[in-house]
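Engineer: Have a look at this one before I ask anything.
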Amino acid sequence: MTETTDPQAQAAQQAIAGARAAILEGRTSLGIEFGSTRIKACLVGEDPTVVLAVGSHEWENRFEGRVWTYSLDDVWSGLQAAYADLVADLRRRYDVTPSTFGAIGVSAMMHGYLAFDANDELLVPFRTWRNTSTGPAAAELSEQFGVNIPLRWSIAHLHQAILDDEPHVGQLDFVTTLAGYVHWRLTGRKVLGVGDASGMFPIDSATYDYDASLIEVYGRLVAERAPEVRLTDLLPAVLPAGRAAGELTPEGASLLDPTGALRPGAPLCPPEGDAGTGMVATGSVAPRSGNVSAGTSIFAMVVLERPLAHAHHELDLVTTPAGDPVAMVHCNNGASELAAWAGLFGEFAGAAGLSVDTDTVFEVLLRQALDGEADAGGLLAYNHLAGEPIAGLTEGRPLVVRTPDSRLTLANFMRAQVYGVYGTLSLGIRVLASEGVELDRMLAHGGIFRTAGVAQRFLAGALDAPVAVGETASEGGAWGIAVLASYLSSAAEIDLAGYLDERVFANAEFETVDPEPADVAGFAAFLDRYRAGLAVEAAAVDAL
């Protein structure tokens, strides 16, 4: 390292030296998150607000045999690629290769169905949250339990397999989520964080475990049809944030890093779902706080002050990573259709001889939306690539619809596309408002918010509530699970909400946007048309 007398340069060199020492000595926390289109790795220092390196790998779900799925081979090749990308980033920044970590956390898309036999063999292809083929099961379970069981929940997938007399049911030994599966292979432990577990089966927030009374209800329900199915044997054990969840085994170290540089032994925190890591990444785990996560799917999480008075099919009741009750509005379709249109405009730019990178295309198009009319000029955009239960759609058909008297401009078109990302979400949020649930503010994260002042402003108008975006918004859940991993060493002395408030977000800067009255009124007019136009969407599903 070349010495310098410049104070700023000296401080930078000292920071690099300190980071190198922390990495070499394992005083770091590694977070890994399997998103729907990217697998991300994020390494933080002893101060979890300091991101030392990141890595990522793009992947995509497949629609095979009318099932949305990912292959397990892609899980591991993608994980290894994201980890290798992180290691390459560490070498570029600090000229060092890690051999251990202070803690590791794994997060992934919630829900879905990964079923294994007694030999640890996958029985059927991974059925992701995106599948909507569990309608009869979800309806029966919702009626029997007295709480809403969404189509994507693991118990709905299991029960639908029983209703359909699928042969693999008799061979079941273990059912888990994607995060639970990866954690199991890395540690040998069949456990799950309480937030992710709450998307498998209802949780009793008094015990931070599966609701024992509903376990009994389910046992009676399937006693004749599938007597061999015992949920207490099939489901992973539940752990709240801060509990030890195993250590990286030699086999797990080889799975994560085939080069052999990574040693076994690092402790792991409970694996969590992307909803839970989104709450952590935005510091939204206390009552009256909430967050919106926008990616391939979009969902809102609101931490409740009291139980809801009624069950609603638009709302899931899940928990924070600490086990506190949360109302969740989950929409299968988020920003993918918006990204597809951005790709199309990028192709046009290329065909016109212009070299424009993807980020620039997004920024130009989103800023155009600011010039659109408040109600998007009468245009409608539906982002439904997959089925959307809240909207009553079993399958998706992306559409742009307009009346002859609408104003088709680029600005209106892009505003309609952004509004379309929030359309179904807003239907669910309005149900939550009808229960009297109030928010101090909503925190948002996801790539769509990287262009400052656009998607955030329109979300504030859609929710009629202040929306804040923090500096860590683009890191998202990978950083959130890294924070949960770092919390392992402090859990004995402070609860999760206190840890986030005092040690993670105490000095955090948030850019908060209040709703503009014109946006609120304009989005309300858009949403009225959106509701009416769902009949067009349903007709498209039937006809195409």
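Chains: A, B, ... in order of the structure tokens. Residues: from 1 per chain. Ligands: from 1, in order shown.
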Quick one: everything within 8 Å of stretch 176-178 of chain A, counting only C-alpha atoms, minus sequence neighbours fewer than 2 positions away in the same chain. Send it as number ranges by chain.
Structural biologist: A: 108-115, 154, 174, 180-182, 196, 200, 235-236
Engineer: Next, the residues of the selection above should be written as a PDB file, in the first residue's frame with N, CA and C atoms.
Structural biologist:
ATOM      1  N   ALA A 108     -34.962 -16.324   0.475  1.00  0.00           N
ATOM      2  CA  ALA A 108     -35.459 -16.658  -0.859  1.00  0.00           C
ATOM      3  C   ALA A 108     -36.927 -16.287  -0.960  1.00  0.00           C
ATOM      4  N   MET A 109     -37.439 -16.392  -2.179  1.00  0.00           N
ATOM      5  CA  MET A 109     -38.864 -16.215  -2.409  1.00  0.00           C
ATOM      6  C   MET A 109     -39.663 -17.122  -1.477  1.00  0.00           C
ATOM      7  N   MET A 110     -40.691 -16.574  -0.876  1.00  0.00           N
ATOM      8  CA  MET A 110     -41.488 -17.340   0.078  1.00  0.00           C
ATOM      9  C   MET A 110     -42.404 -18.337  -0.623  1.00  0.00           C
ATOM     10  N   HIS A 111     -43.033 -19.175   0.202  1.00  0.00           N
ATOM     11  CA  HIS A 111     -44.124 -20.055  -0.230  1.00  0.00           C
ATOM     12  C   HIS A 111     -43.612 -21.177  -1.152  1.00  0.00           C
ATOM     13  N   GLY A 112     -44.526 -21.711  -1.955  1.00  0.00           N
ATOM     14  CA  GLY A 112     -44.137 -22.766  -2.873  1.00  0.00           C
ATOM     15  C   GLY A 112     -44.038 -24.119  -2.197  1.00  0.00           C
ATOM     16  N   TYR A 113     -43.467 -25.062  -2.940  1.00  0.00           N
ATOM     17  CA  TYR A 113     -43.539 -26.464  -2.515  1.00  0.00           C
ATOM     18  C   TYR A 113     -42.318 -27.217  -3.009  1.00  0.00           C
ATOM     19  N   LEU A 114     -41.449 -27.567  -2.059  1.00  0.00           N
ATOM     20  CA  LEU A 114     -40.312 -28.448  -2.317  1.00  0.00           C
ATOM     21  C   LEU A 114     -40.511 -29.685  -1.453  1.00  0.00           C
ATOM     22  N   ALA A 115     -40.772 -30.818  -2.103  1.00  0.00           N
ATOM     23  CA  ALA A 115     -41.146 -32.046  -1.394  1.00  0.00           C
ATOM     24  C   ALA A 115     -40.084 -33.121  -1.603  1.00  0.00           C
ATOM     25  N   SER A 154     -47.487 -22.992   1.050  1.00  0.00           N
ATOM     26  CA  SER A 154     -47.026 -24.380   0.959  1.00  0.00           C
ATOM     27  C   SER A 154     -48.112 -25.371   1.346  1.00  0.00           C
ATOM     28  N   PHE A 174     -40.436 -34.722   3.889  1.00  0.00           N
ATOM     29  CA  PHE A 174     -40.060 -33.371   4.277  1.00  0.00           C
ATOM     30  C   PHE A 174     -40.561 -32.392   3.221  1.00  0.00           C
ATOM     31  N   GLY A 180     -35.448 -22.639   2.988  1.00  0.00           N
ATOM     32  CA  GLY A 180     -35.265 -23.778   3.885  1.00  0.00           C
ATOM     33  C   GLY A 180     -34.457 -24.887   3.242  1.00  0.00           C
ATOM     34  N   TYR A 181     -34.667 -25.109   1.944  1.00  0.00           N
ATOM     35  CA  TYR A 181     -33.924 -26.152   1.221  1.00  0.00           C
ATOM     36  C   TYR A 181     -32.432 -25.820   1.161  1.00  0.00           C
ATOM     37  N   VAL A 182     -32.102 -24.591   0.757  1.00  0.00           N
ATOM     38  CA  VAL A 182     -30.693 -24.220   0.635  1.00  0.00           C
ATOM     39  C   VAL A 182     -30.018 -24.271   2.002  1.00  0.00           C
ATOM     40  N   ASP A 196     -40.654 -16.860   7.229  1.00  0.00           N
ATOM     41  CA  ASP A 196     -40.815 -17.744   6.070  1.00  0.00           C
ATOM     42  C   ASP A 196     -41.788 -18.867   6.394  1.00  0.00           C
ATOM     43  N   MET A 200     -45.847 -20.928   5.006  1.00  0.00           N
ATOM     44  CA  MET A 200     -46.105 -22.352   4.807  1.00  0.00           C
ATOM     45  C   MET A 200     -47.417 -22.746   5.470  1.00  0.00           C
ATOM     46  N   LEU A 235     -43.075 -30.608   8.274  1.00  0.00           N
ATOM     47  CA  LEU A 235     -42.673 -29.208   8.185  1.00  0.00           C
ATOM     48  C   LEU A 235     -41.368 -28.950   8.935  1.00  0.00           C
ATOM     49  N   PRO A 236     -40.573 -27.983   8.461  1.00  0.00           N
ATOM     50  CA  PRO A 236     -39.334 -27.639   9.181  1.00  0.00           C
ATOM     51  C   PRO A 236     -39.628 -27.004  10.526  1.00  0.00           C
TER      52      PRO A 236
END
Engineer: Give me, as a PyMOL selection string, all polymer residues having an atom no more than 12 Å from A:Thr358, counting only C-alpha atoms and skipping those fewer than 3 positions away in the same chain.
Structural biologist: chain A and resi 339-347+349-350+355+361-365
Engineer: As a list in words, please: every residue in stretch 308-352 of chain A that DSSP puts in strand (DSSP E or B).
Structural biologist: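 Taking stretch 308-352 of chain A and keeping strand (DSSP E or B) gives Asp316, Leu317, Val318, Thr319, Pro325, Val326, Ala327, Met328, Val329, His330 and Cys331 of chain A.
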Engineer: Near A:Glu395, counting only C-alpha atoms, which residues have an atom at most 12 Å away, once you skip same-chain residues fewer than 4 positions from it, shown as a PyMOL selection string?
Structural biologist: chain A and resi 66-68+130-133+332-333+383-391+537-544
Engineer: Considering only alpha helix (DSSP H) as DSSP defines it on the backbone, what residues of stretch 98-309 of chain A qualify? List them as a PyMOL selection string.
Structural biologist: chain A and resi 135-145+154-163+178-187+194-197+212-221+231-234+250-256+274-281
Engineer: Would you list the contacts of stretch 286-300 of chain A as a list in words, taking every protein, DNA or RNA residue within 6 Å and counting only C-alpha atoms, but skipping same-chain residues closer than 5 positions in sequence?
Structural biologist: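 Within the cut-off, the hits are Glu305, Met328, Val329, His330, Cys331, Asn332, Asn333, Gly334, Ala335, Ser336, Leu439, Asp440, Met442, Leu443, Ala444, His445 and Gly446 of chain A.
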Engineer: Could you write those residues out with C-alpha atoms, as a compact mmCIF listing (two decimals), in the first residue's frame?
Structural biologist:
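The result, stored in again10.txt:
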# COMPACT_ATOMS: atom_id res chain seq x y z
CA GLU A 305 -51.23 -3.15 16.22
CA MET A 328 -49.44 -8.92 3.71
CA VAL A 329 -50.80 -7.89 0.33
CA HIS A 330 -49.01 -10.11 -2.15
CA CYS A 331 -49.33 -9.72 -5.91
CA ASN A 332 -47.80 -12.24 -8.27
CA ASN A 333 -47.05 -9.60 -10.88
CA GLY A 334 -44.77 -6.64 -10.27
CA ALA A 335 -42.33 -4.84 -12.55
CA SER A 336 -41.62 -7.56 -15.15
CA LEU A 439 -49.59 3.72 8.74
CA ASP A 440 -47.05 6.28 9.84
CA MET A 442 -44.43 3.11 4.00
CA LEU A 443 -40.83 2.25 3.18
CA ALA A 444 -40.07 0.99 -0.31
CA HIS A 445 -37.27 -1.01 -1.86
CA GLY A 446 -36.52 -2.65 -5.17
Engineer: Please list as a PyMOL selection string every residue within 8 Å of A:Gly522, counting only C-alpha atoms and excluding residues in the same chain fewer than 3 positions away.
Structural biologist: chain A and resi 373-376+518-519+525-526
Engineer: Any chance you could export the current selection's N, CA and C atoms as a PDB file, in the first residue's frame?
Structural biologist:
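Now in selection-v8.pdb:
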ATOM      1  N   GLU A 373     -50.396  12.795 -17.734  1.00  0.00           N
ATOM      2  CA  GLU A 373     -51.571  13.290 -17.020  1.00  0.00           C
ATOM      3  C   GLU A 373     -51.767  12.479 -15.739  1.00  0.00           C
ATOM      4  N   ALA A 374     -52.403  13.085 -14.752  1.00  0.00           N
ATOM      5  CA  ALA A 374     -52.523  12.457 -13.429  1.00  0.00           C
ATOM      6  C   ALA A 374     -53.240  11.123 -13.489  1.00  0.00           C
ATOM      7  N   ASP A 375     -54.183  10.959 -14.437  1.00  0.00           N
ATOM      8  CA  ASP A 375     -54.897   9.684 -14.558  1.00  0.00           C
ATOM      9  C   ASP A 375     -54.374   8.847 -15.712  1.00  0.00           C
ATOM     10  N   ALA A 376     -53.163   9.175 -16.185  1.00  0.00           N
ATOM     11  CA  ALA A 376     -52.521   8.478 -17.314  1.00  0.00           C
ATOM     12  C   ALA A 376     -53.275   8.672 -18.628  1.00  0.00           C
ATOM     13  N   ALA A 518     -52.951  15.794  -6.553  1.00  0.00           N
ATOM     14  CA  ALA A 518     -53.277  15.486  -7.955  1.00  0.00           C
ATOM     15  C   ALA A 518     -52.979  14.028  -8.277  1.00  0.00           C
ATOM     16  N   ASP A 519     -51.872  13.500  -7.727  1.00  0.00           N
ATOM     17  CA  ASP A 519     -51.536  12.089  -7.962  1.00  0.00           C
ATOM     18  C   ASP A 519     -52.549  11.166  -7.293  1.00  0.00           C
ATOM     19  N   ALA A 525     -58.782   7.673 -10.064  1.00  0.00           N
ATOM     20  CA  ALA A 525     -59.531   7.573 -11.325  1.00  0.00           C
ATOM     21  C   ALA A 525     -59.005   6.408 -12.160  1.00  0.00           C
ATOM     22  N   PHE A 526     -57.687   6.260 -12.200  1.00  0.00           N
ATOM     23  CA  PHE A 526     -57.085   5.130 -12.912  1.00  0.00           C
ATOM     24  C   PHE A 526     -57.569   3.811 -12.323  1.00  0.00           C
TER      25      PHE A 526
END
Engineer: Between atom CA of A:Ala237 and atom CA of A:Ile104, what distance in Å does the model show, to one decimal?
Structural biologist: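 Computing the Euclidean distance for atom CA of A:Ala237 and atom CA of A:Ile104 yields 18.6 Å.
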Engineer: Point out the residue among A:Glu438, A:Glu511, A:Glu33, A:Asp324 with the least atom-to-atom distance to A:Ala179, counting only C-alpha atoms.
Structural biologist: A:Glu33
